[in-house]
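One file, query_22.tsv, carrying TSV, C-alpha atoms:
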chain	number	residue	atom	x	y	z
A	193	MET	CA	72.86	90.73	-33.30
A	194	SER	CA	69.34	91.75	-33.74
A	195	SER	CA	66.58	90.59	-31.36
A	196	PRO	CA	63.70	88.23	-32.63
A	197	ARG	CA	60.55	89.80	-33.95
A	198	PHE	CA	57.25	88.98	-32.17
A	199	ALA	CA	53.75	89.26	-33.67
A	200	THR	CA	51.58	91.93	-32.17
A	201	PRO	CA	48.35	91.02	-30.28
A	202	LYS	CA	46.30	92.52	-33.10
A	203	ALA	CA	47.75	90.03	-35.62
A	204	PHE	CA	46.90	87.09	-33.36
A	205	LEU	CA	43.27	88.27	-33.14
A	206	VAL	CA	42.87	88.35	-36.93
A	207	VAL	CA	44.26	84.82	-37.41
A	208	ALA	CA	42.08	83.32	-34.65
A	209	THR	CA	38.97	84.88	-36.12
A	210	ALA	CA	39.70	83.44	-39.57
A	211	VAL	CA	40.39	79.95	-38.23
A	212	GLY	CA	37.18	79.98	-36.21
A	213	THR	CA	35.18	81.00	-39.25
A	214	LEU	CA	36.64	78.17	-41.39
A	215	THR	CA	36.05	75.61	-38.66
A	216	ALA	CA	32.40	76.61	-38.26
A	217	CYS	CA	31.77	76.30	-42.00
A	218	GLY	CA	33.36	72.85	-42.24
A	219	ASP	CA	31.47	71.37	-39.25
A	220	LYS	CA	27.92	72.31	-40.33
A	221	PRO	CA	25.75	69.09	-40.03
A	222	PRO	CA	23.97	67.78	-43.12
A	223	ALA	CA	20.57	67.88	-41.35
A	224	GLN	CA	20.71	71.68	-41.42
A	225	GLN	CA	21.23	71.68	-45.14
A	226	GLY	CA	17.57	70.57	-45.81
A	227	MET	CA	15.46	67.39	-45.25
A	228	GLY	CA	13.98	65.24	-48.12
A	229	ALA	CA	10.83	63.05	-48.31
A	230	VAL	CA	10.86	59.80	-46.32
A	231	PRO	CA	11.10	56.71	-48.57
A	232	VAL	CA	8.26	54.22	-48.05
A	233	THR	CA	6.90	51.17	-49.83
A	234	VAL	CA	3.27	51.21	-50.94
A	235	VAL	CA	0.71	48.94	-52.58
A	236	THR	CA	-1.80	50.50	-54.96
A	237	LEU	CA	-5.22	48.93	-54.46
A	238	GLN	CA	-6.97	47.59	-57.54
A	239	PRO	CA	-10.41	45.92	-57.69
A	240	THR	CA	-10.41	42.19	-58.36
A	241	ALA	CA	-12.80	39.23	-58.29
A	242	VAL	CA	-12.51	37.27	-55.04
A	243	THR	CA	-14.06	33.96	-54.02
A	244	LEU	CA	-15.41	34.36	-50.50
A	245	THR	CA	-14.59	31.41	-48.26
A	246	ARG	CA	-15.50	30.54	-44.71
A	247	GLU	CA	-13.75	28.01	-42.52
A	248	LEU	CA	-16.36	26.05	-40.58
A	249	PRO	CA	-15.99	23.25	-38.03
A	250	GLY	CA	-17.70	19.93	-38.56
A	251	ARG	CA	-17.74	16.18	-38.05
A	252	THR	CA	-17.94	13.29	-40.45
A	253	THR	CA	-21.12	11.21	-40.67
A	254	PRO	CA	-21.73	7.97	-42.61
A	255	PHE	CA	-23.59	8.32	-45.88
A	256	LEU	CA	-25.84	5.37	-44.93
A	257	ILE	CA	-26.27	3.50	-41.63
A	258	ALA	CA	-27.98	0.13	-41.24
A	259	GLU	CA	-28.54	-1.50	-37.84
A	260	ILE	CA	-28.83	-5.26	-38.22
A	261	ARG	CA	-31.64	-6.79	-36.13
A	262	PRO	CA	-33.24	-10.23	-36.38
A	263	GLN	CA	-36.75	-10.56	-37.75
A	264	VAL	CA	-37.36	-14.01	-36.20
A	265	ASP	CA	-36.59	-15.71	-32.90
A	266	GLY	CA	-33.90	-18.36	-32.66
A	267	ILE	CA	-30.39	-19.40	-31.83
A	268	ILE	CA	-27.45	-17.94	-33.78
A	269	GLU	CA	-26.07	-20.91	-35.64
A	270	GLN	CA	-23.25	-19.16	-37.50
A	271	ARG	CA	-21.69	-15.74	-38.08
A	272	LEU	CA	-20.85	-15.35	-41.77
A	273	PHE	CA	-18.76	-12.14	-41.91
A	274	ILE	CA	-15.44	-10.77	-40.67
A	275	GLU	CA	-15.79	-8.03	-38.09
A	276	GLY	CA	-14.51	-4.67	-39.31
A	277	GLY	CA	-14.49	-5.78	-42.94
A	278	SER	CA	-16.42	-4.67	-46.00
A	279	VAL	CA	-19.70	-6.30	-46.95
A	280	LYS	CA	-21.88	-6.12	-50.04
A	281	ALA	CA	-25.63	-5.61	-50.14
A	282	GLY	CA	-27.32	-9.02	-49.96
A	283	GLN	CA	-24.31	-10.76	-48.42
A	284	PRO	CA	-25.30	-13.25	-45.64
A	285	LEU	CA	-24.29	-12.11	-42.16
A	286	TYR	CA	-25.92	-14.52	-39.67
A	287	GLN	CA	-27.63	-17.89	-39.87
A	288	ILE	CA	-30.32	-18.58	-37.27
A	289	ASP	CA	-31.36	-22.17	-36.56
A	290	ASP	CA	-34.24	-22.60	-39.00
A	291	ALA	CA	-35.45	-26.16	-38.33
A	292	THR	CA	-38.79	-24.92	-37.01
A	293	TYR	CA	-39.25	-22.55	-39.93
A	294	GLN	CA	-38.33	-25.27	-42.42
A	295	ALA	CA	-41.08	-27.44	-40.95
A	296	ALA	CA	-43.61	-24.63	-41.12
A	297	TYR	CA	-42.69	-23.98	-44.73
A	298	ALA	CA	-43.09	-27.66	-45.61
A	299	SER	CA	-46.48	-27.75	-43.86
A	300	ALA	CA	-47.65	-24.72	-45.82
A	301	LYS	CA	-46.59	-26.34	-49.07
A	302	ALA	CA	-48.51	-29.52	-48.15
A	303	THR	CA	-51.62	-27.48	-47.39
A	304	LEU	CA	-51.29	-25.83	-50.77
A	305	ALA	CA	-51.04	-29.22	-52.48
A	306	ARG	CA	-54.21	-30.40	-50.75
A	307	ALA	CA	-56.04	-27.20	-51.71
A	308	GLU	CA	-54.97	-27.58	-55.32
A	309	ALA	CA	-56.25	-31.17	-55.37
A	310	THR	CA	-59.57	-30.06	-53.94
A	311	LEU	CA	-59.73	-27.32	-56.57
A	312	HIS	CA	-59.14	-29.83	-59.34
A	313	SER	CA	-62.01	-32.01	-58.07
A	314	ALA	CA	-64.32	-29.03	-57.69
A	315	ARG	CA	-63.53	-27.86	-61.18
A	316	LEU	CA	-64.46	-31.27	-62.65
A	317	ASN	CA	-67.71	-31.42	-60.67
A	318	ALA	CA	-68.67	-27.93	-61.77
A	319	ARG	CA	-67.99	-28.75	-65.41
A	320	ARG	CA	-70.03	-31.98	-65.19
A	321	SER	CA	-72.90	-30.19	-63.46
A	322	THR	CA	-73.00	-27.56	-66.18
A	323	ASP	CA	-73.40	-30.25	-68.83
A	324	LEU	CA	-76.11	-32.08	-66.89
A	325	VAL	CA	-78.19	-29.03	-66.05
A	326	ALA	CA	-78.40	-28.26	-69.75
A	327	ILE	CA	-80.41	-31.50	-70.27
A	328	ASN	CA	-82.25	-31.18	-66.95
A	329	ALA	CA	-80.38	-34.19	-65.54
A	330	VAL	CA	-79.65	-32.34	-62.29
A	331	SER	CA	-81.47	-29.60	-60.53
A	332	LYS	CA	-80.45	-26.00	-60.87
A	333	GLN	CA	-79.67	-25.86	-57.15
A	334	ASP	CA	-77.15	-28.69	-57.44
A	335	ASP	CA	-75.50	-26.85	-60.29
A	336	GLU	CA	-75.23	-23.69	-58.18
A	337	ASN	CA	-73.76	-25.68	-55.27
A	338	SER	CA	-71.12	-27.09	-57.61
A	339	ALA	CA	-70.22	-23.59	-58.81
A	340	ALA	CA	-69.96	-22.35	-55.20
A	341	ALA	CA	-67.74	-25.30	-54.25
A	342	LEU	CA	-65.45	-24.40	-57.14
A	343	GLN	CA	-65.10	-20.81	-55.96
A	344	LEU	CA	-64.42	-22.00	-52.40
A	345	ALA	CA	-61.70	-24.33	-53.65
A	346	GLU	CA	-60.09	-21.49	-55.63
A	347	ALA	CA	-60.09	-19.30	-52.50
A	348	ASP	CA	-58.49	-22.10	-50.48
A	349	VAL	CA	-55.72	-22.40	-53.06
A	350	ALA	CA	-55.09	-18.64	-52.95
A	351	ALA	CA	-54.90	-18.71	-49.14
A	352	ALA	CA	-52.57	-21.71	-49.22
A	353	LYS	CA	-50.27	-19.93	-51.68
A	354	ALA	CA	-50.17	-16.88	-49.41
A	355	ALA	CA	-49.33	-19.11	-46.45
A	356	VAL	CA	-46.46	-20.64	-48.43
A	357	ARG	CA	-45.12	-17.23	-49.29
A	358	SER	CA	-45.37	-16.13	-45.65
A	359	ALA	CA	-43.61	-19.25	-44.42
A	360	GLY	CA	-40.94	-18.70	-47.07
A	361	VAL	CA	-40.37	-15.12	-45.87
A	362	VAL	CA	-40.00	-16.28	-42.27
A	363	LEU	CA	-37.64	-19.03	-43.37
A	364	GLY	CA	-35.61	-16.51	-45.36
A	365	ASP	CA	-35.42	-14.18	-42.36
A	366	ALA	CA	-33.57	-16.90	-40.51
A	367	ARG	CA	-30.65	-16.07	-42.78
A	368	ILE	CA	-29.83	-12.40	-42.06
A	369	SER	CA	-28.29	-10.52	-45.01
A	370	ALA	CA	-26.72	-7.07	-45.40
A	371	PRO	CA	-29.23	-4.44	-46.57
A	372	ILE	CA	-26.50	-2.07	-47.81
A	373	SER	CA	-22.84	-2.18	-48.81
A	374	GLY	CA	-20.25	-0.71	-46.46
A	375	ARG	CA	-18.01	-1.39	-43.47
A	376	ILE	CA	-19.45	-3.58	-40.73
A	377	GLY	CA	-18.47	-3.22	-37.09
A	378	LYS	CA	-18.11	-5.80	-34.38
A	379	SER	CA	-20.83	-8.34	-33.68
A	380	SER	CA	-22.76	-7.95	-30.45
A	381	VAL	CA	-23.63	-11.68	-30.33
A	382	THR	CA	-21.74	-14.89	-30.79
A	383	GLN	CA	-22.63	-18.33	-32.06
A	384	GLY	CA	-25.20	-19.96	-29.77
A	385	ALA	CA	-26.76	-16.70	-28.58
A	386	LEU	CA	-30.53	-16.43	-28.44
A	387	VAL	CA	-31.99	-13.52	-30.40
A	388	THR	CA	-35.54	-12.29	-30.67
A	389	ALA	CA	-37.44	-10.58	-33.43
A	390	ASN	CA	-37.01	-6.78	-33.53
A	391	GLN	CA	-34.89	-6.72	-30.39
A	392	GLN	CA	-33.58	-3.35	-29.22
A	393	GLN	CA	-29.88	-4.18	-29.42
A	394	PRO	CA	-28.57	-4.49	-33.01
A	395	LEU	CA	-26.49	-7.51	-33.91
A	396	ALA	CA	-24.08	-5.30	-35.89
A	397	ILE	CA	-23.97	-1.94	-37.65
A	398	ILE	CA	-23.06	-1.33	-41.30
A	399	GLN	CA	-21.89	2.12	-42.36
A	400	GLN	CA	-21.41	3.28	-45.92
A	401	LEU	CA	-18.30	5.48	-45.96
A	402	ASP	CA	-17.92	6.26	-49.66
A	403	PRO	CA	-19.09	8.91	-50.11
A	404	ILE	CA	-19.25	10.34	-46.60
A	405	TYR	CA	-21.06	13.32	-45.11
A	406	VAL	CA	-19.38	16.24	-43.33
A	407	ASP	CA	-21.87	18.08	-41.13
A	408	LEU	CA	-20.91	21.73	-40.54
A	409	THR	CA	-22.33	24.53	-38.43
A	410	GLN	CA	-22.46	28.21	-39.37
A	411	ALA	CA	-23.64	31.20	-37.37
A	412	SER	CA	-26.93	32.59	-38.59
A	413	ALA	CA	-25.53	36.15	-38.43
A	414	GLU	CA	-22.87	35.28	-41.02
A	415	TRP	CA	-25.51	33.71	-43.24
A	416	LEU	CA	-27.67	36.84	-43.03
A	417	GLU	CA	-24.67	39.03	-43.91
A	418	LEU	CA	-24.00	36.88	-46.97
A	419	GLN	CA	-27.65	37.02	-48.04
A	420	LYS	CA	-27.60	40.81	-47.78
A	421	ALA	CA	-24.48	40.98	-49.94
A	422	ILE	CA	-26.11	38.69	-52.50
A	423	ALA	CA	-29.31	40.77	-52.51
A	424	ALA	CA	-27.27	43.97	-52.96
A	425	GLY	CA	-25.43	42.45	-55.92
A	426	ARG	CA	-22.00	42.61	-54.30
A	427	VAL	CA	-21.68	38.82	-54.18
A	428	LYS	CA	-22.68	36.23	-56.74
A	429	SER	CA	-23.73	33.04	-54.99
A	430	ASP	CA	-22.76	29.67	-56.43
A	431	LEU	CA	-23.51	26.62	-54.27
A	432	ASP	CA	-21.82	24.31	-56.80
A	433	LEU	CA	-18.37	25.60	-55.82
A	434	PRO	CA	-16.14	22.86	-54.36
A	435	VAL	CA	-15.52	22.54	-50.63
A	436	THR	CA	-12.00	21.88	-49.30
A	437	ILE	CA	-11.77	19.60	-46.27
A	438	LEU	CA	-8.98	20.15	-43.72
A	439	LEU	CA	-8.02	17.15	-41.57
A	440	GLU	CA	-7.40	17.29	-37.83
A	441	ASP	CA	-3.69	18.04	-38.37
A	442	GLY	CA	-4.51	20.92	-40.73
A	443	THR	CA	-3.54	19.18	-43.97
A	444	PRO	CA	-6.01	19.42	-46.88
A	445	TYR	CA	-7.87	16.26	-47.82
A	446	SER	CA	-7.00	15.03	-51.30
A	447	ARG	CA	-10.59	15.17	-52.59
A	448	GLU	CA	-12.99	18.10	-52.58
A	449	GLY	CA	-16.60	17.90	-51.52
A	450	LYS	CA	-19.81	19.47	-52.65
A	451	LEU	CA	-22.46	21.26	-50.61
A	452	ALA	CA	-25.52	18.99	-50.41
A	453	PHE	CA	-28.00	21.12	-48.47
A	454	SER	CA	-28.41	23.60	-45.63
A	455	GLU	CA	-30.80	23.21	-42.73
A	456	VAL	CA	-34.07	25.16	-42.91
A	457	SER	CA	-34.14	26.10	-39.23
A	458	VAL	CA	-31.73	27.67	-36.73
A	459	ASP	CA	-30.80	25.96	-33.48
A	460	PRO	CA	-32.19	28.30	-30.78
A	461	THR	CA	-29.55	27.21	-28.24
A	462	THR	CA	-26.52	28.03	-30.41
A	463	GLY	CA	-27.84	30.49	-33.00
A	464	SER	CA	-26.39	28.40	-35.80
A	465	PHE	CA	-27.68	26.10	-38.51
A	466	ALA	CA	-26.32	22.99	-40.20
A	467	LEU	CA	-24.68	22.55	-43.57
A	468	ARG	CA	-24.00	19.12	-45.08
A	469	VAL	CA	-21.18	18.39	-47.54
A	470	VAL	CA	-20.79	15.18	-49.56
A	471	VAL	CA	-17.15	14.11	-49.90
A	472	PRO	CA	-15.73	11.16	-51.93
A	473	ASN	CA	-13.94	8.74	-49.60
A	474	PRO	CA	-12.76	5.72	-51.64
A	475	ASP	CA	-9.72	5.08	-49.42
A	476	HIS	CA	-11.75	5.43	-46.19
A	477	ILE	CA	-9.39	8.11	-44.87
A	478	LEU	CA	-12.36	9.89	-43.31
A	479	LEU	CA	-13.98	7.84	-40.57
A	480	PRO	CA	-17.28	8.56	-38.81
A	481	GLY	CA	-17.00	10.98	-35.92
A	482	MET	CA	-13.76	12.65	-37.03
A	483	TYR	CA	-13.41	16.38	-36.34
A	484	VAL	CA	-12.57	18.32	-39.51
A	485	ARG	CA	-12.76	21.84	-40.84
A	486	ALA	CA	-14.12	22.86	-44.19
A	487	LEU	CA	-13.32	25.81	-46.43
A	488	VAL	CA	-16.73	26.56	-47.90
A	489	ARG	CA	-16.80	28.84	-50.93
A	490	MET	CA	-19.89	30.95	-50.33
A	491	GLY	CA	-19.79	33.01	-53.53
A	492	VAL	CA	-17.78	35.31	-55.78
A	493	ARG	CA	-17.44	39.03	-55.02
A	494	GLN	CA	-16.74	41.22	-57.99
A	495	ASP	CA	-14.63	44.41	-57.68
A	496	ALA	CA	-13.33	43.50	-54.24
A	497	LEU	CA	-10.48	45.46	-52.63
A	498	LEU	CA	-7.71	43.51	-50.89
A	499	ALA	CA	-5.23	45.32	-48.65
A	500	PRO	CA	-2.01	43.73	-47.34
A	501	GLN	CA	-2.28	42.79	-43.69
A	502	GLN	CA	0.94	44.65	-42.79
A	503	GLY	CA	-0.68	47.86	-44.03
A	504	ILE	CA	-3.74	47.58	-41.75
A	505	LEU	CA	-3.10	48.83	-38.20
A	506	ARG	CA	-5.12	48.82	-35.00
A	507	ASP	CA	-4.98	51.63	-32.46
A	508	PRO	CA	-5.24	51.08	-28.67
A	509	ARG	CA	-9.01	51.40	-28.89
A	510	GLY	CA	-9.24	48.58	-31.42
A	511	HIS	CA	-10.06	50.81	-34.39
A	512	THR	CA	-8.65	49.72	-37.75
A	513	ASN	CA	-6.59	52.27	-39.69
A	514	ALA	CA	-4.34	52.48	-42.71
A	515	MET	CA	-1.60	54.92	-43.70
A	516	VAL	CA	-2.04	56.07	-47.29
A	517	VAL	CA	-0.22	58.53	-49.54
A	518	ASP	CA	-2.52	61.41	-50.52
A	519	LYS	CA	-2.45	63.36	-53.77
A	520	ASP	CA	0.11	65.80	-52.33
A	521	GLY	CA	2.55	63.02	-51.48
A	522	LYS	CA	1.94	63.24	-47.75
A	523	VAL	CA	0.84	60.66	-45.18
A	524	GLU	CA	-2.87	60.45	-44.47
A	525	VAL	CA	-4.56	58.24	-41.85
A	526	ARG	CA	-7.71	56.48	-42.99
A	527	ALA	CA	-10.21	54.67	-40.79
A	528	VAL	CA	-11.05	51.42	-42.57
A	529	ARG	CA	-13.35	48.46	-42.02
A	530	VAL	CA	-12.29	44.94	-42.98
A	531	SER	CA	-14.36	41.74	-42.88
A	532	GLN	CA	-12.19	38.67	-43.37
A	533	ALA	CA	-8.67	37.54	-44.16
A	534	ILE	CA	-8.00	36.10	-47.61
A	535	GLY	CA	-4.51	34.69	-47.61
A	536	ASP	CA	-2.16	37.43	-46.38
A	537	GLN	CA	-4.62	40.22	-47.21
A	538	TRP	CA	-7.72	41.79	-45.68
A	539	LEU	CA	-10.98	42.18	-47.56
A	540	VAL	CA	-11.78	45.89	-47.29
A	541	GLU	CA	-15.42	46.84	-46.73
A	542	ASP	CA	-15.09	50.61	-46.22
A	543	GLY	CA	-12.51	53.40	-45.92
A	544	LEU	CA	-10.35	52.68	-48.98
A	545	ALA	CA	-11.00	53.09	-52.69
A	546	PRO	CA	-9.40	51.79	-55.89
A	547	GLY	CA	-6.15	53.63	-56.59
A	548	ASP	CA	-5.34	54.36	-52.96
A	549	ARG	CA	-1.66	53.82	-52.11
A	550	VAL	CA	-1.40	51.96	-48.81
A	551	ILE	CA	1.94	52.18	-47.03
A	552	ILE	CA	3.27	48.75	-45.99
A	553	GLU	CA	6.93	49.50	-45.19
A	554	GLY	CA	8.52	52.45	-43.41
A	555	LEU	CA	5.60	52.92	-41.04
A	556	GLN	CA	7.92	53.48	-38.06
A	557	LYS	CA	9.51	56.54	-39.70
A	558	ILE	CA	6.36	58.45	-40.65
A	559	GLN	CA	3.44	60.27	-39.11
A	560	PRO	CA	0.38	62.04	-40.54
A	561	GLY	CA	1.24	65.00	-42.76
A	562	VAL	CA	4.86	63.98	-43.38
A	563	PRO	CA	5.94	64.07	-47.06
A	564	VAL	CA	7.03	60.68	-48.36
A	565	GLN	CA	8.65	59.24	-51.43
A	566	PRO	CA	6.52	56.14	-52.31
A	567	THR	CA	7.89	53.09	-54.08
A	568	GLU	CA	5.50	50.41	-55.34
A	569	ALA	CA	6.08	47.05	-53.70
A	570	GLY	CA	8.23	44.85	-55.92
A	571	ALA	CA	9.59	47.77	-57.96
A	572	ALA	CA	13.28	48.71	-58.11
A	573	LEU	CA	14.57	51.47	-55.82
A	574	PRO	CA	14.28	54.83	-57.66
A	575	ALA	CA	17.50	56.57	-58.63
A	576	ALA	CA	16.47	59.70	-56.69
A	577	ALA	CA	16.22	57.67	-53.48
A	578	ALA	CA	19.68	56.22	-54.07
A	579	ALA	CA	21.10	59.67	-54.77
A	580	SER	CA	19.59	61.09	-51.58
A	581	ALA	CA	21.75	58.80	-49.44
A	582	PRO	CA	24.59	60.82	-47.77
A	583	ALA	CA	28.05	60.36	-49.28
A	584	PRO	CA	31.01	59.45	-47.01
A	585	ALA	CA	33.02	62.47	-45.75
A	586	ALA	CA	36.44	63.13	-47.39
A	587	ALA	CA	39.56	62.61	-45.25
A	588	THR	CA	41.61	65.75	-44.32
A	589	THR	CA	45.38	65.99	-44.12
A	590	GLY	CA	47.46	68.43	-42.15
A	591	GLN	CA	50.23	70.64	-43.60
As structure tokens - that is how I would like this structure written.
Amino acid sequence: MSSPRFATPKAFLVVATAVGTLTACGDKPPAQQGMGAVPVTVVTLQPTAVTLTRELPGRTTPFLIAEIRPQVDGIIEQRLFIEGGSVKAGQPLYQIDDATYQAAYASAKATLARAEATLHSARLNARRSTDLVAINAVSKQDDENSAAALQLAEADVAAAKAAVRSAGVVLGDARISAPISGRIGKSSVTQGALVTANQQQPLAIIQQLDPIYVDLTQASAEWLELQKAIAAGRVKSDLDLPVTILLEDGTPYSREGKLAFSEVSVDPTTGSFALRVVVPNPDHILLPGMYVRALVRMGVRQDALLAPQQGILRDPRGHTNAMVVDKDGKVEVRAVRVSQAIGDQWLVEDGLAPGDRVIIEGLQKIQPGVPVQPTEAGAALPAAAAASAPAPAAATTGQ
């Protein structure tokens, strides 16, 4: 019986070397086989016309205000309106006891009647004297006296008529009427109260609320910046653009206003000036003294550049930067200057130009100088990017 055959040490060395070589080739990581460009999403900037807006704080103010004060002395006999209601111009509000003024008016009318009777007599005497002086029946002096008496009687009648009108005005003032239409507040006096002419305290206040004013304040520095842009031709000003009013809870008011005027001087204590907007208010939603905000359209800027907010970054020093794809397909850092937010975008003032591709997604995976594979925002994923994804490894089986 023959003994078993054993492999020599030299044979074992050859087999181990071959197995080690195969294992090393199969375990080589994909990263060592070459790296591709990093996929990122970009937005290509294009110039567009933008309406520049500014959100300003303000408060509502009545369109018209009338403080009701008595023009004559007397006792309030009756209040003729409902507190908090609407009144029309000319509507009676208070009735003051007018017995004294009625008597004065009647006396003035009686004086006028007497003066008119005297005038009639003087007119007859003057006519008779004119006829008699023509035939030398009376002296010329008597005729002149008759003419003077006639003129005096005419003057007395004119004075009596003026006194009647004056007494009538005073009598009419005893009935206080609304000078304007609007909403009237509470009455400061009740029936039986004594009031005096032109007293300091008003009896009531009427406010016209439709339309209504919204008084805004704007910093003078912002106004100067806008004027420079208009002078340079970058912005086209149009003060007829509508103004959107935002209520205290942030909801837009249903009706838009119109800029009425801007103040001609700057408040030295705040460095701001006033703007006034007229807003329709038929439903009286806006009440005097309410705090609101207004989106004022200051003008239209042609060829403006808007960059997405997620593509504008700030470094620890507060500088504003953007990552863009250069002509070689690599990441480039640009220092940019933005002025205001318009929706979810920034208005770019400097640092970017039309056609620049601003990176908005994939910022965590890139750094300056790294090659990237840009995809326009909203576009489908390129086939090359899908093909670059690593395929799952094949399963191995043992013999």
Pairwise distance, CA of Asp290 (chain A) with CA of Asp365 (chain A), equals 9.1 Å
Select from region 472-568 of chain A every residue with an atom at most 9 Å from any atom of region 438-451 of chain A, then for each give the shortest pair of atoms and their distance in Å to one decimal, using only C-alpha atoms, rows by chain and rising number, as a Markdown table.
| residue | atom | partner | partner_atom | distance |
| --- | --- | --- | --- | --- |
| A:Pro472 | CA | A:Arg447 | CA | 6.6 |
| A:Asn473 | CA | A:Arg447 | CA | 7.8 |
| A:Ile477 | CA | A:Tyr445 | CA | 8.8 |
| A:Leu478 | CA | A:Leu439 | CA | 8.6 |
| A:Met482 | CA | A:Glu440 | CA | 7.9 |
| A:Tyr483 | CA | A:Glu440 | CA | 6.3 |
| A:Val484 | CA | A:Leu439 | CA | 5.1 |
| A:Arg485 | CA | A:Leu438 | CA | 5.0 |
| A:Ala486 | CA | A:Leu438 | CA | 5.8 |
| A:Leu487 | CA | A:Leu438 | CA | 7.6 |
| A:Val488 | CA | A:Leu451 | CA | 8.3 |
Once you count only C-alpha atoms, which residues end up no further than 10 Å from (-64.7, -25.8, -56.0) in the file's frame, shown as a PDB file with C-alpha atoms, in the coordinates of the input?
ATOM      1  CA  ALA A 307     -56.040 -27.200 -51.710  1.00  0.00           C
ATOM      2  CA  GLU A 308     -54.970 -27.580 -55.320  1.00  0.00           C
ATOM      3  CA  THR A 310     -59.570 -30.060 -53.940  1.00  0.00           C
ATOM      4  CA  LEU A 311     -59.730 -27.320 -56.570  1.00  0.00           C
ATOM      5  CA  HIS A 312     -59.140 -29.830 -59.340  1.00  0.00           C
ATOM      6  CA  SER A 313     -62.010 -32.010 -58.070  1.00  0.00           C
ATOM      7  CA  ALA A 314     -64.320 -29.030 -57.690  1.00  0.00           C
ATOM      8  CA  ARG A 315     -63.530 -27.860 -61.180  1.00  0.00           C
ATOM      9  CA  LEU A 316     -64.460 -31.270 -62.650  1.00  0.00           C
ATOM     10  CA  ASN A 317     -67.710 -31.420 -60.670  1.00  0.00           C
ATOM     11  CA  ALA A 318     -68.670 -27.930 -61.770  1.00  0.00           C
ATOM     12  CA  ASN A 337     -73.760 -25.680 -55.270  1.00  0.00           C
ATOM     13  CA  SER A 338     -71.120 -27.090 -57.610  1.00  0.00           C
ATOM     14  CA  ALA A 339     -70.220 -23.590 -58.810  1.00  0.00           C
ATOM     15  CA  ALA A 340     -69.960 -22.350 -55.200  1.00  0.00           C
ATOM     16  CA  ALA A 341     -67.740 -25.300 -54.250  1.00  0.00           C
ATOM     17  CA  LEU A 342     -65.450 -24.400 -57.140  1.00  0.00           C
ATOM     18  CA  GLN A 343     -65.100 -20.810 -55.960  1.00  0.00           C
ATOM     19  CA  LEU A 344     -64.420 -22.000 -52.400  1.00  0.00           C
ATOM     20  CA  ALA A 345     -61.700 -24.330 -53.650  1.00  0.00           C
ATOM     21  CA  GLU A 346     -60.090 -21.490 -55.630  1.00  0.00           C
ATOM     22  CA  ALA A 347     -60.090 -19.300 -52.500  1.00  0.00           C
ATOM     23  CA  ASP A 348     -58.490 -22.100 -50.480  1.00  0.00           C
TER      24      ASP A 348
END
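Residues surrounding region 497-512 of chain A within 8 Å are Val235, Leu237, Gln238, Pro239, Thr240, Ala527, Val528, Arg529, Val530, Asp536, Gln537, Trp538, Leu539, Val540, Glu541, Ala545, Pro546, Val550, Ile551, Ile552 and Glu553 of chain A [all atoms listed in the file; sequence separation below 5 positions excluded].
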Selected residues written out with C-alpha atoms, as a compact mmCIF listing (two decimals), keeping the file's coordinate frame:
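For reference, result-v6.txt as written:
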# COMPACT_ATOMS: atom_id res chain seq x y z
CA VAL A 235 0.71 48.94 -52.58
CA LEU A 237 -5.22 48.93 -54.46
CA GLN A 238 -6.97 47.59 -57.54
CA PRO A 239 -10.41 45.92 -57.69
CA THR A 240 -10.41 42.19 -58.36
CA ALA A 527 -10.21 54.67 -40.79
CA VAL A 528 -11.05 51.42 -42.57
CA ARG A 529 -13.35 48.46 -42.02
CA VAL A 530 -12.29 44.94 -42.98
CA ASP A 536 -2.16 37.43 -46.38
CA GLN A 537 -4.62 40.22 -47.21
CA TRP A 538 -7.72 41.79 -45.68
CA LEU A 539 -10.98 42.18 -47.56
CA VAL A 540 -11.78 45.89 -47.29
CA GLU A 541 -15.42 46.84 -46.73
CA ALA A 545 -11.00 53.09 -52.69
CA PRO A 546 -9.40 51.79 -55.89
CA VAL A 550 -1.40 51.96 -48.81
CA ILE A 551 1.94 52.18 -47.03
CA ILE A 552 3.27 48.75 -45.99
CA GLU A 553 6.93 49.50 -45.19
Just the number, please: distance in Å from CA of Asp459 (chain A) to CA of Leu244 (chain A), one decimal.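 It comes out at 24.4 Å.
The space between CA of Arg357 (chain A) and CA of Lys301 (chain A) spans 9.2 Å.
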Can you tell me, as a list in words, what residues are no more than 9 Å from Ser278 (chain A) when counting only C-alpha atoms, ignoring any on the same chain fewer than 5 positions away?
Phe273, Ser373, Gly374, Arg375, Ile376 and Ile398 of chain A
Atoms kept (C-alpha atoms) for selection, written as a CSV table (one decimal), keeping the file's coordinate frame:
chain,number,residue,atom,x,y,z
A,273,PHE,CA,-18.8,-12.1,-41.9
A,373,SER,CA,-22.8,-2.2,-48.8
A,374,GLY,CA,-20.2,-0.7,-46.5
A,375,ARG,CA,-18.0,-1.4,-43.5
A,376,ILE,CA,-19.4,-3.6,-40.7
A,398,ILE,CA,-23.1,-1.3,-41.3
Using the structure block above, produce a file of region 235-246 of chain A that contains C-alpha atoms, as an mmCIF file, in the first residue's frame.
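Saved to selection_1.cif:
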data_model
loop_
_atom_site.group_PDB
_atom_site.id
_atom_site.type_symbol
_atom_site.label_atom_id
_atom_site.label_comp_id
_atom_site.auth_asym_id
_atom_site.auth_seq_id
_atom_site.Cartn_x
_atom_site.Cartn_y
_atom_site.Cartn_z
ATOM 1 C CA VAL A 235 -30.404 79.210 -11.241
ATOM 2 C CA THR A 236 -29.277 81.247 -14.232
ATOM 3 C CA LEU A 237 -29.855 84.950 -13.576
ATOM 4 C CA GLN A 238 -31.793 86.880 -16.192
ATOM 5 C CA PRO A 239 -32.678 90.606 -16.108
ATOM 6 C CA THR A 240 -36.336 91.417 -15.508
ATOM 7 C CA ALA A 241 -38.546 94.411 -14.694
ATOM 8 C CA VAL A 242 -39.285 94.638 -10.963
ATOM 9 C CA THR A 243 -41.660 96.905 -9.069
ATOM 10 C CA LEU A 244 -39.807 98.201 -6.028
ATOM 11 C CA THR A 245 -41.908 98.109 -2.865
ATOM 12 C CA ARG A 246 -41.306 99.270 0.662
#
